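Only one structure is covered here, and it is reproduced in the block below.
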Amino acid sequence: MPKAVIKRTFDMRIIGDWVEPHSRVLDLGCGRGELLDYLVQARQVSAVGVDLDFTNIVACVKRGVSAYQGDMTGFMRAFAEQHFDRVICSRTVQELVDPAGVITEGLRVGRAVTVGFVNHGFWKNRLAALVSGRKVRNAVYPTAWFESRPSNPVTIADFEEFCRAKEIRVARRVHLSGDWKTRCSTLPNLLAGYALYDLTR
Amino acid sequence: MTDDVEPLPADSAPRHLAPGDVGLVQSHDFVYDRPFTFKNGQTLPGFTLRYETYGMLNAARDNAVVICHALSGDHHCAGWHSPADRKPGWWNNLIGPGKAVDTRRFFVICANVLGGCQGSTGPSSTDPATGEPYGINFPPVSIRDMVDSQKLLLDHLEIAGVYAVIGGSMGGMTALLFAIEHPRIVRRVLAMATTTRESAQAIAFNEVGRQAIMQDPAWHHGSYPRDGGPRVGLAIARMMAHITYLSDASLDRKFGRRTVPGAGTAGGSAAFDLKFEVESWLRHQGQSFINRFDANSYLYITRALDQFDLAYAYGSLEQAFAPVQAEALVVGFTSDWLFPLEQNRAIALALLRAGKRTSYAELATDLGHDSFLLESEQLYALVRGFLERDPVAFDFDI
């Protein structure tokens, strides 16, 4: 199995642990539907994903995962307060045009919002930028700047500050080391490669 | 839908024998000989639905795929009636052995709607009470009546389970209503380029078509001989409607400002002779339509389209979709200005709000409303993915 997939499965399992069985889950930026497929199989959730890309929707439909092609904020506006038990924003948040708007809207339509992101404050990322003087490229962001989507390289410190400023309650947080498996408890903004947050109002 | 025909290559193999083609097919008549009550309360002593089937019904009788046609479509959705046919059924690109709707796996059923004129009972059928065509004495037909009559056909065929109902445009409305009214038998519904209620613009277009027919003196308040009728009015209705099925970009690509050979610059009435290719094409569309469609059927079916309003009929869209047990897929097309993306999205969002398993996809095409008939590998992949998913075994070990 390629390394990226293994890393992926690990944060998937943490999210799976947070998701209540048989709950209603919305995945923003669901891609090809792997996470939702996992949650449907492991937690029997009723799931729907949102994605902009037609071929991703086809992949979801093919694996039997409900998916909606379109803008995530527009999608959420069509739902009443607390329609979903959980809104997931896994590896999407750094590419959003309006991350605060999406998370706020997620907290309106969902009882909880789960955010997972690569910590750009991780020392290897800092060092890479410092040494090479270039856009950080790694297993998760393998492409050069000119073939990448616009991205806000968010750090754990940034995200914590955001939650404080917006008075969003952090119900759970998990910081993973550079291997994206073992928990990291000291100096997470420097030593954690990946971060998962469970937010509530 | 267009009446365009690609020119036949001179020495090609018989097209009905092409791989992936259902080949030569026959129509059948389902005769229901008991009284049928329309939604408005009026009754017919019975009715006929003309239909076609492709593929084999399985032992459990639950692999039926019901195809619902659009306003001007019919039951002949795939294959050829004779090797000499100029063109195959209207959705031949989608339906056949190995195609997106795979007839090796599914038993495909398509019926001409009640109120139609391609063999099913409609205004041009003979009223047994008078021996004359019903004309406008035919009961007002609704999408619901089309669904109810097709359900009787399914009962007649002893269909236990409908694997999927599929339709575009009016066929999408029919498919949605099928899933609402018969939730226990419909397991999947695929609606494309459709709406739960027409906008004022769509109603307006239909009204212009109806006025063209009714203002034609030959309409004669709906009572005209079988070989006559408002041919000018019907042709104009079709020409106008046809523009709404396409798009600015596709018409421009197809015709641009090209002129027909011999178009002169003479004055007088000759100034209004055929000049542009698009005019010639439109006239052809109008002419070929009057040879296959009944003007009263056009009035009845466009009225059925205009009256269709799920939110009004059931209190709200969410209430309308509440009984649905089928999994749904809604597909919109970016250049569809008759039933725009927004109206297709609204269907999917309401289904999701009602807690139904629903997907929504949109295809970027520039062919307008008729895009659902497009030869598109993307569309085929989507339809096939919805009908024949491959379950992924998940690796739970990390």
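As shown in the structure tokens, the chain order sets the letters A, B, ...; within each chain, residues go from 1, and ligands are also counted from 1 in the order they appear.
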
| field | Interface residues on chain A facing chain B, 7 Å, only C-alpha atoms, written as a ChimeraX atom specification | value | /A:6,9-10,38,54,57-58,61-64,66-69,78-79

Would you save the residues from that selection as a PDB file, in the first residue's frame, using N, CA and C atoms?
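Contents of selection_0.pdb, freshly written:
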ATOM      1  N   ILE A   6      -1.804   4.953   3.726  1.00  0.00           N
ATOM      2  CA  ILE A   6      -1.738   4.525   5.117  1.00  0.00           C
ATOM      3  C   ILE A   6      -1.984   5.719   6.050  1.00  0.00           C
ATOM      4  N   THR A   9      -5.596   6.620   6.086  1.00  0.00           N
ATOM      5  CA  THR A   9      -6.470   5.722   6.833  1.00  0.00           C
ATOM      6  C   THR A   9      -6.407   6.001   8.330  1.00  0.00           C
ATOM      7  N   PHE A  10      -5.249   6.482   8.792  1.00  0.00           N
ATOM      8  CA  PHE A  10      -5.136   6.704  10.231  1.00  0.00           C
ATOM      9  C   PHE A  10      -5.996   7.874  10.701  1.00  0.00           C
ATOM     10  N   TYR A  38     -15.912   4.694   4.206  1.00  0.00           N
ATOM     11  CA  TYR A  38     -15.429   4.097   5.447  1.00  0.00           C
ATOM     12  C   TYR A  38     -16.433   4.314   6.583  1.00  0.00           C
ATOM     13  N   PHE A  54     -16.830  16.846 -11.124  1.00  0.00           N
ATOM     14  CA  PHE A  54     -17.753  15.849 -11.673  1.00  0.00           C
ATOM     15  C   PHE A  54     -17.208  14.430 -11.526  1.00  0.00           C
ATOM     16  N   ILE A  57     -17.709  13.052  -8.180  1.00  0.00           N
ATOM     17  CA  ILE A  57     -19.101  12.665  -7.925  1.00  0.00           C
ATOM     18  C   ILE A  57     -19.363  11.284  -8.539  1.00  0.00           C
ATOM     19  N   VAL A  58     -18.850  11.066  -9.747  1.00  0.00           N
ATOM     20  CA  VAL A  58     -19.028   9.755 -10.387  1.00  0.00           C
ATOM     21  C   VAL A  58     -18.411   8.664  -9.507  1.00  0.00           C
ATOM     22  N   VAL A  61     -20.741   8.053  -6.561  1.00  0.00           N
ATOM     23  CA  VAL A  61     -21.949   7.347  -7.000  1.00  0.00           C
ATOM     24  C   VAL A  61     -21.626   5.874  -7.232  1.00  0.00           C
ATOM     25  N   LYS A  62     -20.469   5.639  -7.819  1.00  0.00           N
ATOM     26  CA  LYS A  62     -20.037   4.285  -8.139  1.00  0.00           C
ATOM     27  C   LYS A  62     -19.854   3.433  -6.886  1.00  0.00           C
ATOM     28  N   ARG A  63     -19.397   4.045  -5.801  1.00  0.00           N
ATOM     29  CA  ARG A  63     -19.219   3.266  -4.583  1.00  0.00           C
ATOM     30  C   ARG A  63     -20.432   3.352  -3.671  1.00  0.00           C
ATOM     31  N   GLY A  64     -21.507   3.979  -4.174  1.00  0.00           N
ATOM     32  CA  GLY A  64     -22.761   3.987  -3.420  1.00  0.00           C
ATOM     33  C   GLY A  64     -22.827   5.047  -2.341  1.00  0.00           C
ATOM     34  N   SER A  66     -23.633   8.902  -1.365  1.00  0.00           N
ATOM     35  CA  SER A  66     -24.353  10.066  -1.877  1.00  0.00           C
ATOM     36  C   SER A  66     -23.430  11.267  -1.950  1.00  0.00           C
ATOM     37  N   ALA A  67     -23.483  11.972  -3.074  1.00  0.00           N
ATOM     38  CA  ALA A  67     -22.615  13.131  -3.222  1.00  0.00           C
ATOM     39  C   ALA A  67     -23.313  14.192  -4.056  1.00  0.00           C
ATOM     40  N   TYR A  68     -23.013  15.448  -3.721  1.00  0.00           N
ATOM     41  CA  TYR A  68     -23.648  16.586  -4.370  1.00  0.00           C
ATOM     42  C   TYR A  68     -22.569  17.443  -5.010  1.00  0.00           C
ATOM     43  N   GLN A  69     -22.729  17.688  -6.297  1.00  0.00           N
ATOM     44  CA  GLN A  69     -21.738  18.506  -6.991  1.00  0.00           C
ATOM     45  C   GLN A  69     -22.104  19.975  -6.852  1.00  0.00           C
ATOM     46  N   ALA A  78     -28.950  25.457   2.215  1.00  0.00           N
ATOM     47  CA  ALA A  78     -30.234  24.821   1.898  1.00  0.00           C
ATOM     48  C   ALA A  78     -30.745  23.963   3.055  1.00  0.00           C
ATOM     49  N   PHE A  79     -30.000  23.919   4.167  1.00  0.00           N
ATOM     50  CA  PHE A  79     -30.404  23.041   5.269  1.00  0.00           C
ATOM     51  C   PHE A  79     -30.689  23.835   6.538  1.00  0.00           C
TER      52      PHE A  79
END

| request: List every residue of stretch 78-131 of chain A that DSSP, applied to the backbone, labels as strand (DSSP E), and write the result as a PyMOL selection string. | output: chain A and resi 84-90+110-118

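Note that atom CA of B:Leu177 and atom CA of A:Met76 are 26.0 Å apart.
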
| stretch 242-366 of chain B: which residues are helix (DSSP H, G or I) by DSSP, as a ChimeraX atom specification? | /B:242-245,248-254,268-272,277-290,295-307,310-314,317-321,341-353

| note | Correct to one decimal, the distance atom CA of B:Ile185-atom CA of B:Gln118 is 27.2 Å

| Hey, what's within 7 Å of stretch 304-320 of chain B if we count only C-alpha atoms and toss same-chain stuff fewer than 5 positions away? As JSON, numbers by chain, please? | {"B": [141, 142, 143, 170, 180, 196, 197, 198, 203, 350, 351, 353, 354]}

If we count only C-alpha atoms and set the cut-off at 10 Å, which residues sit around B:Asp370, ignoring sequence neighbours fewer than 6 positions away in its own chain? Please answer as an mmCIF file with C-alpha atoms, in the first residue's frame.
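Below is the file part34.cif, written as the result:
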data_model
loop_
_atom_site.group_PDB
_atom_site.id
_atom_site.type_symbol
_atom_site.label_atom_id
_atom_site.label_comp_id
_atom_site.auth_asym_id
_atom_site.auth_seq_id
_atom_site.Cartn_x
_atom_site.Cartn_y
_atom_site.Cartn_z
ATOM 1 C CA MET B 1 -35.766 16.222 -28.992
ATOM 2 C CA THR B 2 -34.350 16.811 -32.401
ATOM 3 C CA GLY B 168 -35.056 13.357 -18.833
ATOM 4 C CA SER B 169 -37.147 16.511 -19.044
ATOM 5 C CA ALA B 193 -32.630 18.006 -17.030
ATOM 6 C CA HIS B 242 -36.957 23.424 -30.542
ATOM 7 C CA THR B 244 -35.586 26.171 -26.215
ATOM 8 C CA TYR B 245 -34.111 22.651 -26.331
ATOM 9 C CA LEU B 246 -30.795 23.906 -27.692
ATOM 10 C CA SER B 247 -28.560 26.828 -26.850
ATOM 11 C CA PHE B 333 -26.691 20.417 -17.584
ATOM 12 C CA SER B 335 -26.403 25.091 -20.731
ATOM 13 C CA ASP B 336 -29.994 23.981 -20.048
ATOM 14 C CA LEU B 338 -35.409 25.479 -20.074
#

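The coordinates place atom CA of B:Ser149 at 22.0 Å from atom CA of B:Gly89.
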
| query | Do you know which residues are at most 8 Å from stretch 165-176 of chain A counting only C-alpha atoms, after dropping those on the same chain fewer than 6 positions away, and could you put them as a ChimeraX atom specification? | reply | /A:182-185,188,192-201

| 9 Å contact set for B:Pro183, only C-alpha atoms, chain neighbours under 2 positions out, as an NGL selection string | :B and (178-181 or 185-187 or 323-326)

| Quick one: residues within 12 Å of B:Ser125, only C-alpha atoms counted, chain neighbours fewer than 6 positions away excluded, as number ranges by chain? | B: 44, 46-49, 114-119, 131-138, 223, 225-226, 294, 296-297

Given the selection you just returned, output its residues as a file containing C-alpha atoms, formatted as a PDB file, in the first residue's frame.
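File produced: again_8.pdb:
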ATOM      1  CA  LEU B  44     -62.167   6.476 -19.887  1.00  0.00           C
ATOM      2  CA  GLY B  46     -60.162   1.735 -20.962  1.00  0.00           C
ATOM      3  CA  PHE B  47     -56.908   2.635 -22.650  1.00  0.00           C
ATOM      4  CA  THR B  48     -54.011   1.290 -24.675  1.00  0.00           C
ATOM      5  CA  LEU B  49     -50.346   1.905 -23.990  1.00  0.00           C
ATOM      6  CA  LEU B 114     -51.291   8.287 -21.939  1.00  0.00           C
ATOM      7  CA  GLY B 115     -52.462  11.301 -23.949  1.00  0.00           C
ATOM      8  CA  GLY B 116     -49.723  10.692 -26.511  1.00  0.00           C
ATOM      9  CA  CYS B 117     -50.132   9.947 -30.182  1.00  0.00           C
ATOM     10  CA  GLN B 118     -47.645   7.185 -31.011  1.00  0.00           C
ATOM     11  CA  GLY B 119     -49.971   4.278 -30.347  1.00  0.00           C
ATOM     12  CA  GLY B 131     -66.742   6.777 -33.443  1.00  0.00           C
ATOM     13  CA  GLU B 132     -64.793  10.019 -33.872  1.00  0.00           C
ATOM     14  CA  PRO B 133     -61.444  11.075 -32.400  1.00  0.00           C
ATOM     15  CA  TYR B 134     -61.728  12.295 -28.816  1.00  0.00           C
ATOM     16  CA  GLY B 135     -60.191  15.631 -29.729  1.00  0.00           C
ATOM     17  CA  ILE B 136     -60.563  18.037 -26.837  1.00  0.00           C
ATOM     18  CA  ASN B 137     -63.172  15.796 -25.240  1.00  0.00           C
ATOM     19  CA  PHE B 138     -60.252  13.693 -24.038  1.00  0.00           C
ATOM     20  CA  SER B 223     -62.008  18.560 -33.979  1.00  0.00           C
ATOM     21  CA  PRO B 225     -59.817  14.936 -39.470  1.00  0.00           C
ATOM     22  CA  ARG B 226     -56.938  12.510 -38.901  1.00  0.00           C
ATOM     23  CA  ASP B 294     -50.863  15.166 -33.127  1.00  0.00           C
ATOM     24  CA  ASN B 296     -54.163  18.017 -29.622  1.00  0.00           C
ATOM     25  CA  SER B 297     -51.675  15.683 -27.945  1.00  0.00           C
TER      26      SER B 297
END

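Among the candidates A:Val40, A:Leu26, A:Val97, A:Ala139, the one nearest to A:Phe84 when counting only C-alpha atoms is A:Leu26.
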